$ cat work-v2.tsv   # TSV, C-alpha atoms
chain	number	residue	atom	x	y	z
A	1	MET	CA	18.02	-20.53	-36.19
A	2	THR	CA	16.25	-18.43	-33.57
A	3	GLN	CA	13.68	-15.78	-34.07
A	4	GLU	CA	16.29	-13.13	-33.58
A	5	ASP	CA	18.08	-14.38	-36.68
A	6	LEU	CA	14.99	-13.72	-38.79
A	7	VAL	CA	15.50	-9.98	-38.33
A	8	PRO	CA	17.65	-8.52	-41.09
A	9	PRO	CA	20.93	-7.16	-39.69
A	10	GLU	CA	20.21	-3.58	-40.68
A	11	LEU	CA	16.99	-3.62	-38.57
A	12	LYS	CA	18.48	-5.29	-35.49
A	13	ARG	CA	18.57	-2.02	-33.59
A	14	ASN	CA	14.93	-1.22	-34.32
A	15	VAL	CA	13.16	-4.56	-34.09
A	16	PHE	CA	12.50	-6.40	-30.85
A	17	VAL	CA	11.23	-9.97	-30.78
A	18	ALA	CA	9.24	-11.14	-27.75
A	19	PRO	CA	6.44	-13.56	-26.93
A	20	VAL	CA	2.92	-12.19	-27.29
A	21	ASP	CA	2.25	-12.89	-23.61
A	22	TRP	CA	5.24	-10.85	-22.53
A	23	ILE	CA	4.41	-7.74	-24.51
A	24	TYR	CA	0.69	-8.04	-23.80
A	25	ASN	CA	1.18	-8.43	-20.06
A	26	LEU	CA	3.72	-5.63	-19.99
A	27	GLY	CA	1.09	-3.30	-21.37
A	28	ARG	CA	-1.59	-4.57	-19.02
A	29	ALA	CA	0.56	-4.45	-15.89
A	30	GLY	CA	1.67	-0.94	-16.79
A	31	SER	CA	-1.82	0.52	-16.69
A	32	VAL	CA	-3.94	-1.06	-14.01
A	33	TRP	CA	-6.63	1.44	-13.16
A	34	PRO	CA	-8.22	1.11	-9.72
A	35	ILE	CA	-11.84	1.90	-9.05
A	36	MET	CA	-12.49	4.98	-6.95
A	37	PHE	CA	-13.95	3.22	-4.01
A	38	GLY	CA	-13.16	3.46	-0.30
A	39	LEU	CA	-14.82	1.60	2.54
A	40	ALA	CA	-13.24	2.69	5.81
A	41	CYS	CA	-10.10	4.21	7.33
A	42	CYS	CA	-7.78	2.26	4.98
A	43	ALA	CA	-9.21	4.45	2.23
A	44	PHE	CA	-7.21	7.36	3.60
A	45	GLU	CA	-3.97	5.46	3.23
A	46	MET	CA	-5.06	4.59	-0.30
A	47	ILE	CA	-5.79	8.26	-1.03
A	48	VAL	CA	-2.41	9.36	0.32
A	49	THR	CA	-0.76	6.73	-1.85
A	50	LEU	CA	-2.18	8.58	-4.84
A	51	THR	CA	-0.76	11.94	-3.79
A	52	SER	CA	2.55	13.34	-4.93
A	53	ARG	CA	4.51	12.08	-1.94
A	54	PHE	CA	4.03	8.39	-2.80
A	55	ASP	CA	2.69	8.84	-6.32
A	56	LEU	CA	0.88	5.72	-7.44
A	57	ALA	CA	1.01	7.18	-10.95
A	58	ARG	CA	4.61	5.97	-11.18
A	59	PHE	CA	3.20	2.47	-11.60
A	60	GLY	CA	0.74	3.32	-14.33
A	61	MET	CA	-2.24	3.86	-12.04
A	62	GLU	CA	-2.78	7.32	-13.35
A	63	PHE	CA	-6.00	7.94	-11.52
A	64	MET	CA	-8.87	6.19	-9.83
A	65	ARG	CA	-11.73	5.67	-12.24
A	66	ALA	CA	-15.08	6.76	-10.91
A	67	SER	CA	-16.86	4.03	-12.86
A	68	PRO	CA	-16.45	0.27	-12.47
A	69	ARG	CA	-16.72	-0.07	-16.24
A	70	GLN	CA	-13.39	1.71	-16.74
A	71	SER	CA	-11.40	0.02	-14.00
A	72	GLU	CA	-9.67	-3.31	-13.59
A	73	LEU	CA	-8.44	-3.29	-9.99
A	74	MET	CA	-10.66	-3.16	-6.94
A	75	ILE	CA	-8.82	-2.09	-3.79
A	76	ILE	CA	-10.97	-3.24	-0.88
A	77	SER	CA	-9.83	-0.49	1.45
A	78	GLY	CA	-11.44	-1.24	4.77
A	79	THR	CA	-14.12	-3.14	6.63
A	80	VAL	CA	-16.76	-4.77	4.46
A	81	THR	CA	-19.96	-4.54	6.44
A	82	LYS	CA	-22.84	-6.84	5.66
A	83	LYS	CA	-24.93	-3.83	4.73
A	84	MET	CA	-22.31	-2.79	2.14
A	85	ALA	CA	-21.45	-6.30	0.86
A	86	PRO	CA	-24.16	-6.46	-1.87
A	87	GLN	CA	-22.92	-3.18	-3.35
A	88	VAL	CA	-19.30	-4.37	-3.27
A	89	VAL	CA	-20.14	-7.54	-5.20
A	90	ARG	CA	-22.34	-5.59	-7.58
A	91	LEU	CA	-19.47	-3.20	-8.37
A	92	TYR	CA	-17.14	-6.15	-8.93
A	93	ASP	CA	-19.63	-7.74	-11.32
A	94	GLN	CA	-19.75	-4.54	-13.35
A	95	MET	CA	-15.99	-4.37	-13.90
A	96	PRO	CA	-14.76	-5.57	-17.30
A	97	GLU	CA	-12.36	-8.49	-17.42
A	98	PRO	CA	-9.51	-9.03	-16.71
A	99	LYS	CA	-10.15	-7.78	-13.18
A	100	TYR	CA	-8.23	-8.06	-9.95
A	101	VAL	CA	-8.97	-7.58	-6.26
A	102	LEU	CA	-6.52	-6.29	-3.67
A	103	ALA	CA	-7.62	-6.78	-0.05
A	104	MET	CA	-6.10	-3.94	1.96
A	105	GLY	CA	-5.76	-4.12	5.72
A	106	ALA	CA	-6.76	-6.53	8.45
A	107	CYS	CA	-10.51	-5.95	8.08
A	108	ALA	CA	-10.63	-6.73	4.39
A	109	ILE	CA	-8.43	-9.82	4.88
A	110	SER	CA	-10.17	-11.42	7.83
A	111	GLY	CA	-12.57	-9.00	9.48
A	112	GLY	CA	-9.76	-7.73	11.70
A	113	PRO	CA	-10.79	-6.66	15.20
A	114	PHE	CA	-14.44	-6.85	14.14
A	115	LYS	CA	-14.37	-10.45	12.92
A	116	ASP	CA	-16.82	-11.61	15.58
A	117	GLY	CA	-19.13	-8.70	14.92
A	118	TYR	CA	-22.73	-9.01	13.86
A	119	ASN	CA	-22.34	-6.80	10.82
A	120	VAL	CA	-18.87	-7.51	9.43
A	121	VAL	CA	-17.96	-9.93	6.65
A	122	PRO	CA	-14.98	-11.89	8.07
A	123	GLY	CA	-12.73	-11.46	5.09
A	124	VAL	CA	-13.72	-10.20	1.68
A	125	ASP	CA	-12.50	-13.47	0.17
A	126	ARG	CA	-15.80	-14.95	1.28
A	127	LEU	CA	-17.39	-12.80	-1.41
A	128	LEU	CA	-14.77	-12.12	-4.10
A	129	PRO	CA	-11.67	-13.88	-5.45
A	130	VAL	CA	-8.75	-11.94	-3.95
A	131	ASN	CA	-5.42	-11.66	-5.78
A	132	VAL	CA	-3.23	-9.80	-3.28
A	133	TYR	CA	-3.53	-9.43	0.49
A	134	VAL	CA	-1.83	-6.38	2.03
A	135	PRO	CA	-1.64	-6.76	5.83
A	136	GLY	CA	-1.59	-3.85	8.24
A	137	CYS	CA	-3.99	-1.80	10.27
A	138	PRO	CA	-3.96	0.28	8.19
A	139	PRO	CA	-1.09	-0.61	5.85
A	140	ARG	CA	1.40	2.17	5.20
A	141	PRO	CA	1.38	3.54	1.65
A	142	GLU	CA	4.66	1.72	1.06
A	143	SER	CA	2.90	-1.58	1.86
A	144	LEU	CA	0.14	-0.77	-0.60
A	145	LEU	CA	2.72	0.06	-3.27
A	146	ASP	CA	4.41	-3.27	-2.53
A	147	GLY	CA	1.06	-5.03	-2.93
A	148	VAL	CA	0.54	-3.27	-6.24
A	149	LEU	CA	3.96	-4.44	-7.42
A	150	LYS	CA	3.04	-7.99	-6.36
A	151	LEU	CA	-0.08	-7.68	-8.47
A	152	HIS	CA	2.06	-6.53	-11.41
A	153	GLN	CA	4.17	-9.67	-10.95
A	154	GLN	CA	1.03	-11.80	-11.04
A	155	ILE	CA	-0.19	-10.09	-14.18
A	156	ARG	CA	3.18	-10.57	-15.89
A	157	GLY	CA	3.06	-14.27	-15.05
A	158	GLU	CA	-0.28	-14.87	-16.76
A	159	THR	CA	-0.55	-16.43	-20.19
A	160	ILE	CA	-3.37	-16.00	-22.63
A	161	LEU	CA	-3.63	-19.77	-22.95
A	162	THR	CA	-4.52	-20.49	-19.34
A	163	SER	CA	-5.93	-17.33	-17.77
A	164	PRO	CA	-9.58	-17.69	-16.88
A	165	TRP	CA	-10.51	-14.46	-18.65
A	166	TYR	CA	-10.14	-15.91	-22.11
A	167	ARG	CA	-11.78	-19.28	-21.57
A	168	LYS	CA	-15.22	-20.26	-22.68
A	169	GLY	CA	-17.86	-21.62	-20.38
A	170	VAL	CA	-16.60	-19.95	-17.21
A	171	GLU	CA	-19.28	-18.60	-14.89
A	172	ARG	CA	-18.30	-14.97	-14.73
A	173	GLU	CA	-20.93	-13.25	-12.65
A	174	LEU	CA	-20.65	-13.66	-8.90
A	175	PRO	CA	-23.89	-14.07	-6.95
A	176	VAL	CA	-24.89	-10.90	-5.13
A	177	PRO	CA	-25.76	-11.60	-1.48
A	178	GLU	CA	-28.86	-10.08	0.01
A	179	CYS	CA	-29.52	-8.61	3.43
A	180	GLY	CA	-31.76	-11.07	5.23
A	181	PRO	CA	-33.29	-11.17	8.70
A	182	TRP	CA	-30.23	-12.88	10.28
A	183	GLY	CA	-27.46	-11.48	8.11
A	184	LEU	CA	-26.30	-12.01	4.56
A	185	VAL	CA	-28.01	-14.66	2.47
A	186	LEU	CA	-27.20	-15.76	-1.05
A	187	PRO	CA	-29.99	-16.03	-3.60
A	188	LYS	CA	-31.53	-19.51	-3.83
A	189	GLY	CA	-29.29	-22.09	-5.47
A	190	GLU	CA	-26.15	-19.95	-5.45
A	191	GLU	CA	-22.85	-20.65	-3.74
A	192	SER	CA	-20.34	-18.09	-2.58
A	193	ALA	CA	-16.93	-17.68	-4.19
B	1	MET	CA	-23.35	24.48	37.29
B	2	THR	CA	-22.72	21.08	38.78
B	3	SER	CA	-25.02	18.10	38.62
B	4	GLN	CA	-25.72	18.57	42.31
B	5	GLU	CA	-27.02	22.09	41.73
B	6	THR	CA	-29.06	20.98	38.74
B	7	PHE	CA	-30.59	18.22	40.81
B	8	GLU	CA	-31.44	20.61	43.64
B	9	ARG	CA	-33.11	23.04	41.23
B	10	LEU	CA	-35.09	20.25	39.65
B	11	ALA	CA	-36.14	18.92	43.04
B	12	ALA	CA	-37.22	22.38	44.14
B	13	ARG	CA	-39.13	23.08	40.93
B	14	PHE	CA	-40.82	19.66	40.68
B	15	PRO	CA	-41.42	18.46	44.23
B	16	ARG	CA	-44.00	15.88	43.16
B	17	PHE	CA	-41.67	14.10	40.70
B	18	GLU	CA	-39.66	11.15	41.85
B	19	LEU	CA	-36.01	12.12	41.33
B	20	ALA	CA	-32.85	10.49	42.59
B	21	TYR	CA	-29.29	11.74	42.68
B	22	VAL	CA	-26.57	9.17	42.05
B	23	GLU	CA	-23.07	10.02	43.27
B	24	GLY	CA	-20.06	8.90	41.32
B	25	LYS	CA	-17.32	10.05	38.99
B	26	ASP	CA	-20.05	11.41	36.73
B	27	PRO	CA	-22.97	12.17	39.03
B	28	SER	CA	-26.32	11.61	37.42
B	29	ILE	CA	-30.01	12.23	37.99
B	30	VAL	CA	-32.40	9.32	37.72
B	31	VAL	CA	-35.84	10.38	36.53
B	32	LYS	CA	-39.09	8.59	35.74
B	33	ALA	CA	-39.97	8.05	32.10
B	34	GLU	CA	-43.36	9.75	32.40
B	35	ASN	CA	-41.74	12.97	33.72
B	36	LEU	CA	-38.91	13.05	31.22
B	37	VAL	CA	-40.39	15.39	28.60
B	38	GLU	CA	-41.51	17.96	31.14
B	39	LEU	CA	-38.12	17.93	32.88
B	40	ALA	CA	-36.32	18.18	29.57
B	41	GLN	CA	-38.42	21.15	28.54
B	42	TYR	CA	-37.59	22.87	31.83
B	43	LEU	CA	-33.88	22.08	31.55
B	44	ARG	CA	-33.72	23.48	28.03
B	45	ASP	CA	-35.81	26.62	28.56
B	46	GLN	CA	-35.04	27.63	32.13
B	47	GLN	CA	-31.64	26.07	32.79
B	48	GLU	CA	-30.24	26.64	29.29
B	49	TYR	CA	-29.23	23.07	28.62
B	50	ASP	CA	-29.56	23.75	24.91
B	51	TYR	CA	-27.44	20.88	23.63
B	52	CYS	CA	-28.20	17.18	23.99
B	53	SER	CA	-24.89	15.65	23.02
B	54	SER	CA	-25.68	11.98	23.33
B	55	ILE	CA	-28.48	9.55	23.97
B	56	THR	CA	-27.43	6.02	24.60
B	57	ALA	CA	-28.73	2.90	26.29
B	58	VAL	CA	-27.33	0.34	28.70
B	59	ASP	CA	-28.43	-3.26	29.14
B	60	TYR	CA	-28.55	-4.26	32.82
B	61	PRO	CA	-29.74	-7.67	34.03
B	62	ASP	CA	-33.01	-6.27	35.40
B	63	ARG	CA	-33.62	-3.20	33.27
B	64	PHE	CA	-32.62	-1.02	30.37
B	65	GLU	CA	-31.30	2.42	31.08
B	66	VAL	CA	-31.36	5.34	28.65
B	67	VAL	CA	-28.68	7.95	29.36
B	68	TYR	CA	-28.88	11.58	28.23
B	69	HIS	CA	-25.87	13.89	28.28
B	70	LEU	CA	-26.90	17.55	28.32
B	71	TYR	CA	-24.59	20.51	27.88
B	72	SER	CA	-25.12	24.24	27.86
B	73	MET	CA	-23.55	26.13	24.99
B	74	LYS	CA	-24.58	29.51	26.43
B	75	ASN	CA	-23.12	28.99	29.91
B	76	GLU	CA	-20.44	26.51	28.87
B	77	GLY	CA	-22.00	24.24	31.46
B	78	GLY	CA	-22.56	20.57	31.82
B	79	PRO	CA	-22.72	17.75	31.54
B	80	ALA	CA	-25.99	17.08	33.27
B	81	ILE	CA	-26.59	13.35	33.00
B	82	LEU	CA	-30.15	12.11	33.04
B	83	LYS	CA	-30.90	8.41	33.39
B	84	VAL	CA	-34.24	6.81	32.68
B	85	HIS	CA	-35.05	3.21	33.56
B	86	ALA	CA	-37.12	1.05	31.22
B	87	ASP	CA	-38.39	-2.44	31.90
B	88	ARG	CA	-36.88	-5.37	30.05
B	89	ASP	CA	-39.99	-6.79	28.43
B	90	ASN	CA	-41.28	-3.72	26.64
B	91	PRO	CA	-38.78	-0.88	27.02
B	92	GLN	CA	-40.39	2.46	26.24
B	93	VAL	CA	-39.11	5.96	26.91
B	94	PRO	CA	-40.84	9.08	25.55
B	95	SER	CA	-39.04	10.82	22.73
B	96	VAL	CA	-37.31	14.17	23.31
B	97	THR	CA	-37.05	15.07	19.62
B	98	SER	CA	-39.61	17.84	20.20
B	99	ILE	CA	-37.16	19.48	22.61
B	100	TRP	CA	-33.74	18.73	21.10
B	101	THR	CA	-34.04	18.06	17.37
B	102	GLY	CA	-30.65	16.36	17.42
B	103	ALA	CA	-32.15	13.54	19.46
B	104	ASP	CA	-33.75	12.17	16.29
B	105	TRP	CA	-30.94	9.93	15.01
B	106	GLN	CA	-29.65	9.13	18.49
B	107	GLU	CA	-33.02	7.68	19.44
B	108	ARG	CA	-33.15	5.77	16.16
B	109	GLU	CA	-29.76	4.29	16.99
B	110	ALA	CA	-30.92	3.29	20.47
B	111	TRP	CA	-33.95	1.64	18.88
B	112	ASP	CA	-31.89	-0.11	16.23
B	113	LEU	CA	-29.15	-1.52	18.44
B	114	MET	CA	-30.86	-1.83	21.83
B	115	GLY	CA	-34.51	-2.12	20.94
B	116	ILE	CA	-35.89	0.70	23.03
B	117	ARG	CA	-39.06	2.30	21.68
B	118	PHE	CA	-39.46	6.07	21.79
B	119	PRO	CA	-43.14	6.98	21.54
B	120	GLY	CA	-43.51	10.42	19.94
B	121	HIS	CA	-40.56	9.98	17.61
B	122	PRO	CA	-41.44	11.17	14.07
B	123	ASN	CA	-39.57	8.45	12.16
B	124	LEU	CA	-38.53	5.58	14.41
B	125	LYS	CA	-36.92	3.07	12.06
B	126	ARG	CA	-33.55	1.35	11.89
B	127	ILE	CA	-30.59	3.59	11.17
B	128	LEU	CA	-27.50	1.33	11.07
B	129	MET	CA	-28.85	-2.12	10.28
B	130	TRP	CA	-31.09	-2.66	7.29
B	131	GLU	CA	-34.86	-2.81	7.34
B	132	GLY	CA	-35.96	-6.39	7.86
B	133	TYR	CA	-33.15	-7.29	10.23
B	134	GLU	CA	-34.24	-9.35	13.24
B	135	GLY	CA	-33.10	-8.49	16.74
B	136	HIS	CA	-31.13	-5.74	18.39
B	137	PRO	CA	-27.42	-6.53	18.28
B	138	LEU	CA	-26.13	-4.67	21.34
B	139	ARG	CA	-28.44	-6.50	23.74
B	140	LYS	CA	-26.68	-8.96	26.00
B	141	ASP	CA	-28.97	-11.79	24.91
B	142	PHE	CA	-28.32	-11.22	21.20
B	143	PRO	CA	-27.17	-14.57	19.83
B	144	GLY	CA	-24.52	-13.19	17.48
B	145	PRO	CA	-24.32	-13.54	13.71
B	146	GLN	CA	-26.33	-16.50	12.45
B	147	ASP	CA	-25.54	-16.45	8.73
B	148	GLU	CA	-22.83	-18.28	6.82
B	149	TYR	CA	-20.58	-15.22	6.87
B	150	THR	CA	-19.42	-15.87	10.42
B	151	PHE	CA	-15.84	-16.04	11.62
B	152	SER	CA	-14.78	-19.53	12.62

$ encode --input "work-v2.tsv" --output "structure tokens"
Amino acid sequence: MTQEDLVPPELKRNVFVAPVDWIYNLGRAGSVWPIMFGLACCAFEMIVTLTSRFDLARFGMEFMRASPRQSELMIISGTVTKKMAPQVVRLYDQMPEPKYVLAMGACAISGGPFKDGYNVVPGVDRLLPVNVYVPGCPPRPESLLDGVLKLHQQIRGETILTSPWYRKGVERELPVPECGPWGLVLPKGEESA
Amino acid sequence: MTSQETFERLAARFPRFELAYVEGKDPSIVVKAENLVELAQYLRDQQEYDYCSSITAVDYPDRFEVVYHLYSMKNEGGPAILKVHADRDNPQVPSVTSIWTGADWQEREAWDLMGIRFPGHPNLKRILMWEGYEGHPLRKDFPGPQDEYTFS
């Protein structure tokens, strides 16, 4: 006897049986709200992805939230300079869990053409755990939409049993780097992500 | 008005100043740092170079050079390019913020990235890097990033 057989025949057309994970993740993946947050020229591609021509709202990202406390996706749209890095990590720390990071463009992935520069973090994954990398310089809006769909796939594949968000004893707050005399330094005793 | 004409007018007006005319694709006028403010005042008031579009600095093996690009909005003239040499050990060039207010941030940038001091500047502090940063990154002898966030 399967679960389907538990449903009385007269209700078969109205009742749908599914795992909790499936229905829960469907709801979560269908409304990932990004934080309104742009760093460099990739931000313009991100903005145009929101407009009616590409229409990010089709994928449940109705609007960018202007507060980290109401958002669950951080699109790192552009170069992360060392002067901006503390603020980026601070915004990430303020987002409620579950939270995801999408690194958009060559600069956010690896530093891009500025990777040897004195003021550029060579890849935002040195600071934050990144879920999706979208290559390009800058990526076309279609690429960003593809990255968003990849993120939806990841979210649908999570289970409540194993995702880090629901475990106890996980260190949740990332250390915020500080601007020191030679570049970024982490507070004493901390290690980067 | 070409750079040549500007140079000739300057040379006629200030015969005691040491001026040099450098030929090239963009001809320029090399002036002494101590005469800069007086020349700039003259260029703005009498020659109508009312717009200082850029102040930048160059690192040469034996000297620093501060470059001024002047345009005239009234006569649609320019650019007149002024170059000032500064010694490597303690580069100092007088500020021209009293003449062109727009020089303020440009001089701060030259201080921040090239380490050239501008005596007379009202607020000479770093503009792009943060306060407390050591060194001037666009100098040729800058060692590069020294922290753990370095590409490898």

$ interface_residues --input "work-v2.tsv" --of "chain B" --to "chain A" --cutoff "9 Å" --atoms "all atoms listed in the file" --output "PyMOL selection string"
chain B and resi 128-135+137+144-152

$ residues_around --input "work-v2.tsv" --residues "Ser3 (chain B)" --least-positions-apart "5" --cutoff "8 Å" --atoms "only C-alpha atoms" --output "JSON, numbers by chain"
{"B": [27, 28, 29, 78, 79, 80, 81]}

$ write_last_selection --input "work-v2.tsv" --atoms "C-alpha atoms" --output "CSV table (one decimal), in the coordinates of the input"
chain,number,residue,atom,x,y,z
B,27,PRO,CA,-23.0,12.2,39.0
B,28,SER,CA,-26.3,11.6,37.4
B,29,ILE,CA,-30.0,12.2,38.0
B,78,GLY,CA,-22.6,20.6,31.8
B,79,PRO,CA,-22.7,17.8,31.5
B,80,ALA,CA,-26.0,17.1,33.3
B,81,ILE,CA,-26.6,13.4,33.0

$ residues_around --input "work-v2.tsv" --residues "region 87-90 of chain B" --least-positions-apart "5" --cutoff "7 Å" --atoms "only C-alpha atoms" --output "PyMOL selection string"
chain B and resi 62-64

$ atom_distance --input "work-v2.tsv" --atom1 "CA of Gln47 (chain B)" --atom2 "CA of Arg16 (chain B)"
19.1 Å

$ atom_distance --input "work-v2.tsv" --atom1 "CA of Ala66 (chain A)" --atom2 "CA of Gln94 (chain A)"
12.5 Å

$ atom_distance --input "work-v2.tsv" --atom1 "CA of Leu144 (chain A)" --atom2 "CA of Thr49 (chain A)"
7.7 Å

$ residues_around --input "work-v2.tsv" --residues "region 83-86 of chain B" --least-positions-apart "6" --cutoff "7 Å" --atoms "only C-alpha atoms" --output "ChimeraX atom specification"
/B:28-33,63-68,92-93

$ closest_residue --input "work-v2.tsv" --among "B:Val37, B:Ala11, B:Leu19, B:Cys52" --to "Phe118 (chain B)" --atoms "all atoms listed in the file"
B:Val37

$ closest_residue --input "work-v2.tsv" --among "A:Leu26, A:Leu56, A:Ala18, A:Cys107" --to "Pro141 (chain A)" --atoms "only C-alpha atoms"
A:Leu56

$ residues_around --input "work-v2.tsv" --residues "Ser98 (chain B)" --least-positions-apart "6" --cutoff "12 Å" --atoms "only C-alpha atoms" --output "number ranges by chain"
B: 37-38, 40-41, 44, 104, 118-122

$ write_last_selection --input "work-v2.tsv" --atoms "C-alpha atoms" --output "PDB file, keeping the file's coordinate frame"
ATOM      1  CA  VAL B  37     -40.390  15.390  28.600  1.00  0.00           C
ATOM      2  CA  GLU B  38     -41.510  17.960  31.140  1.00  0.00           C
ATOM      3  CA  ALA B  40     -36.320  18.180  29.570  1.00  0.00           C
ATOM      4  CA  GLN B  41     -38.420  21.150  28.540  1.00  0.00           C
ATOM      5  CA  ARG B  44     -33.720  23.480  28.030  1.00  0.00           C
ATOM      6  CA  ASP B 104     -33.750  12.170  16.290  1.00  0.00           C
ATOM      7  CA  PHE B 118     -39.460   6.070  21.790  1.00  0.00           C
ATOM      8  CA  PRO B 119     -43.140   6.980  21.540  1.00  0.00           C
ATOM      9  CA  GLY B 120     -43.510  10.420  19.940  1.00  0.00           C
ATOM     10  CA  HIS B 121     -40.560   9.980  17.610  1.00  0.00           C
ATOM     11  CA  PRO B 122     -41.440  11.170  14.070  1.00  0.00           C
TER      12      PRO B 122
END

$ residues_near_point --input "work-v2.tsv" --point "(-16.6, -0.2, -19.6)" --cutoff "9 Å" --atoms "all atoms listed in the file" --output "PDB file with C-alpha atoms, in the frame of the given file"
ATOM      1  CA  SER A  67     -16.860   4.030 -12.860  1.00  0.00           C
ATOM      2  CA  PRO A  68     -16.450   0.270 -12.470  1.00  0.00           C
ATOM      3  CA  ARG A  69     -16.720  -0.070 -16.240  1.00  0.00           C
ATOM      4  CA  GLN A  70     -13.390   1.710 -16.740  1.00  0.00           C
ATOM      5  CA  SER A  71     -11.400   0.020 -14.000  1.00  0.00           C
ATOM      6  CA  GLN A  94     -19.750  -4.540 -13.350  1.00  0.00           C
ATOM      7  CA  MET A  95     -15.990  -4.370 -13.900  1.00  0.00           C
ATOM      8  CA  PRO A  96     -14.760  -5.570 -17.300  1.00  0.00           C
TER       9      PRO A  96
END

$ residues_around --input "work-v2.tsv" --residues "Val134 (chain A)" --least-positions-apart "5" --cutoff "12 Å" --atoms "only C-alpha atoms" --output "number ranges by chain"
A: 42, 46, 75-78, 101-110, 139-151

$ residues_near_point --input "work-v2.tsv" --point "(-27.7, 20.4, 16.3)" --cutoff "10 Å" --atoms "all atoms listed in the file" --output "list in words"
Asp50, Tyr51, Cys52, Ser53, Trp100, Thr101, Gly102 and Ala103 of chain B

$ write_last_selection --input "work-v2.tsv" --atoms "C-alpha atoms" --output "CSV table (one decimal), keeping the file's coordinate frame"
chain,number,residue,atom,x,y,z
B,50,ASP,CA,-29.6,23.8,24.9
B,51,TYR,CA,-27.4,20.9,23.6
B,52,CYS,CA,-28.2,17.2,24.0
B,53,SER,CA,-24.9,15.6,23.0
B,100,TRP,CA,-33.7,18.7,21.1
B,101,THR,CA,-34.0,18.1,17.4
B,102,GLY,CA,-30.6,16.4,17.4
B,103,ALA,CA,-32.2,13.5,19.5
